[in-house]
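Before any comments, here is the structure.
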Amino acid sequence: MGDPVVPERPGGRGAAAQEHAGIPVMPVILPSEQVPGAPYPLLDGLSLTLGWEYRPPAKGGPAFAVIRRTGLGSLKVVDSFPLTEDGWARVWQALARQNPAAVPQILATLGAREAEAARLRAQDADSREVAELEARALGSLRGVAYLGGYVPEAAITPGGLYDVLFLEDRLVVFAHRQAKVLAEVPYSQVEDVEIGGPGLVKTGGRFVGGGFGVTGAVEGMAIAAVLNSLTTRTSVKTIVRIQGTSCELFLLHARLTPEQLRIAMSRPLGAIRSARATQTAGGTQHEAPAAAPSPVQELTKLADMLEKGLLTREEFDLMKAKLIGPPTI
């Protein structure tokens, strides 16, 4: 038998007319629901239900079907229609006539299927978008746990999993495996990045320090409780602290040791250092010193002081002589 026929998502005037007539949108049949030679009920447990049957071409080919479960427990096709939009409309109308009590339950099942399909489509779109971003990224921290810190106006909660992508000029925090941006920090605003963690291991479910520059800060903050809960189910290997001008993040990375992560993060760390160096160079440029007053300006100032009585004639002549030098012969 050839490849099974899967009805496409309906659209256009035909689908709109069906919905207007009270016929729900034709469902998309998943590969796992295409069972050759056997009826597949959309919702089992009803005296009469609807579904489909993948028959060989010699027996009519794939079809929508009104299905009944026999007293012996087997499924029997009561009526069948082509696996098309028109066939779907006809099987729905047949079921509504023969078992109207089943309509609300099957409608609920169809709604749940559509919601799940929409979720999967959104997840797939997110995955593609994140993959495209990651392909352009200098590096990434995938599936890291946020231990705590502060990120203004960001929906980031301690204990949650997040993805951090280091792009060309900024780092971006995403919800894990989603293209939803939660926070962005330009590299020019990153003040410090610390990577550490040797000795931060599971010890009776308690967080213990050793070998990490910000251990004291971690232990003294509320994030220690989050870290303890995480270490009961995973061994701590690396903590990343990112300090920005308006944020601070403590992240738990449980897949790479600090040494491995430092190597993996060399490109983004280099980009951060370069951005900071550029900003520092731009902020420390000294203005050119003001030009020294000319002799004419100085003489004018002295004359003004003499006129106001701030200098005696003798003082004026002395300062004038110093300013213009001895007479030339």
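Identifiers in the structure tokens: chain A, B, ... in order shown; residue index from 1 per chain; ligand index from 1 in order shown.
Using only C-alpha atoms, the contacts of A:Val173 at a cut-off of 10 Å, with sequence neighbours closer than 3 positions omitted, comprise Ser140, Leu141, Arg142, Ala154, Ile156, Tyr162, Asp163, Val164, Leu165, Phe166, His176, Ala179, Lys180, Val181, Leu182, Ala183, Glu184 and Val185 of chain A.
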I need the strand (DSSP E or B) residues of stretch 78-107 of chain A per DSSP on the backbone, written as an mmCIF file with N, CA, C and O atoms, in the first residue's frame.
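part13.cif, written as the output of this step:
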```cif
data_model
loop_
_atom_site.group_PDB
_atom_site.id
_atom_site.type_symbol
_atom_site.label_atom_id
_atom_site.label_comp_id
_atom_site.auth_asym_id
_atom_site.auth_seq_id
_atom_site.Cartn_x
_atom_site.Cartn_y
_atom_site.Cartn_z
ATOM 1 N N VAL A 78 -20.009 1.472 10.871
ATOM 2 C CA VAL A 78 -21.429 1.499 10.531
ATOM 3 C C VAL A 78 -21.643 2.179 9.186
ATOM 4 O O VAL A 78 -22.475 1.762 8.385
ATOM 5 N N ASP A 79 -20.893 3.256 8.948
ATOM 6 C CA ASP A 79 -21.020 3.979 7.680
ATOM 7 C C ASP A 79 -19.684 4.645 7.399
ATOM 8 O O ASP A 79 -18.929 4.971 8.322
ATOM 9 N N SER A 80 -19.363 4.847 6.135
ATOM 10 C CA SER A 80 -18.076 5.467 5.785
ATOM 11 C C SER A 80 -18.264 6.478 4.679
ATOM 12 O O SER A 80 -19.194 6.383 3.870
ATOM 13 N N PHE A 81 -17.313 7.454 4.673
ATOM 14 C CA PHE A 81 -17.367 8.552 3.713
ATOM 15 C C PHE A 81 -15.925 8.877 3.297
ATOM 16 O O PHE A 81 -14.988 8.612 4.037
ATOM 17 N N PRO A 82 -15.730 9.476 2.121
ATOM 18 C CA PRO A 82 -14.358 9.772 1.655
ATOM 19 C C PRO A 82 -13.603 10.662 2.648
ATOM 20 O O PRO A 82 -14.194 11.475 3.356
#
```
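Between atom CA of A:Pro24 and atom CA of A:Ala118 there is a distance of 16.0 Å.
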Could you check which of A:Asp126, A:Glu298, A:Glu194, A:Glu153 is closest to A:Ala175, using only C-alpha atoms?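 Looking only at the distances to A:Ala175, the closest residue turns out to be A:Asp126.
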Check your understanding: Could you name the residues that touch A:Gly22 at 10 Å or less, counting only C-alpha atoms, but leaving out those on the same chain fewer than 6 positions away, as a PyMOL selection string?
Key -> chain A and resi 89+92-93
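Using only C-alpha atoms for every distance, the candidate list A:Thr257, A:Tyr146, A:Leu167, A:Cys247 yields A:Thr257 as the residue closest to A:Ile195.
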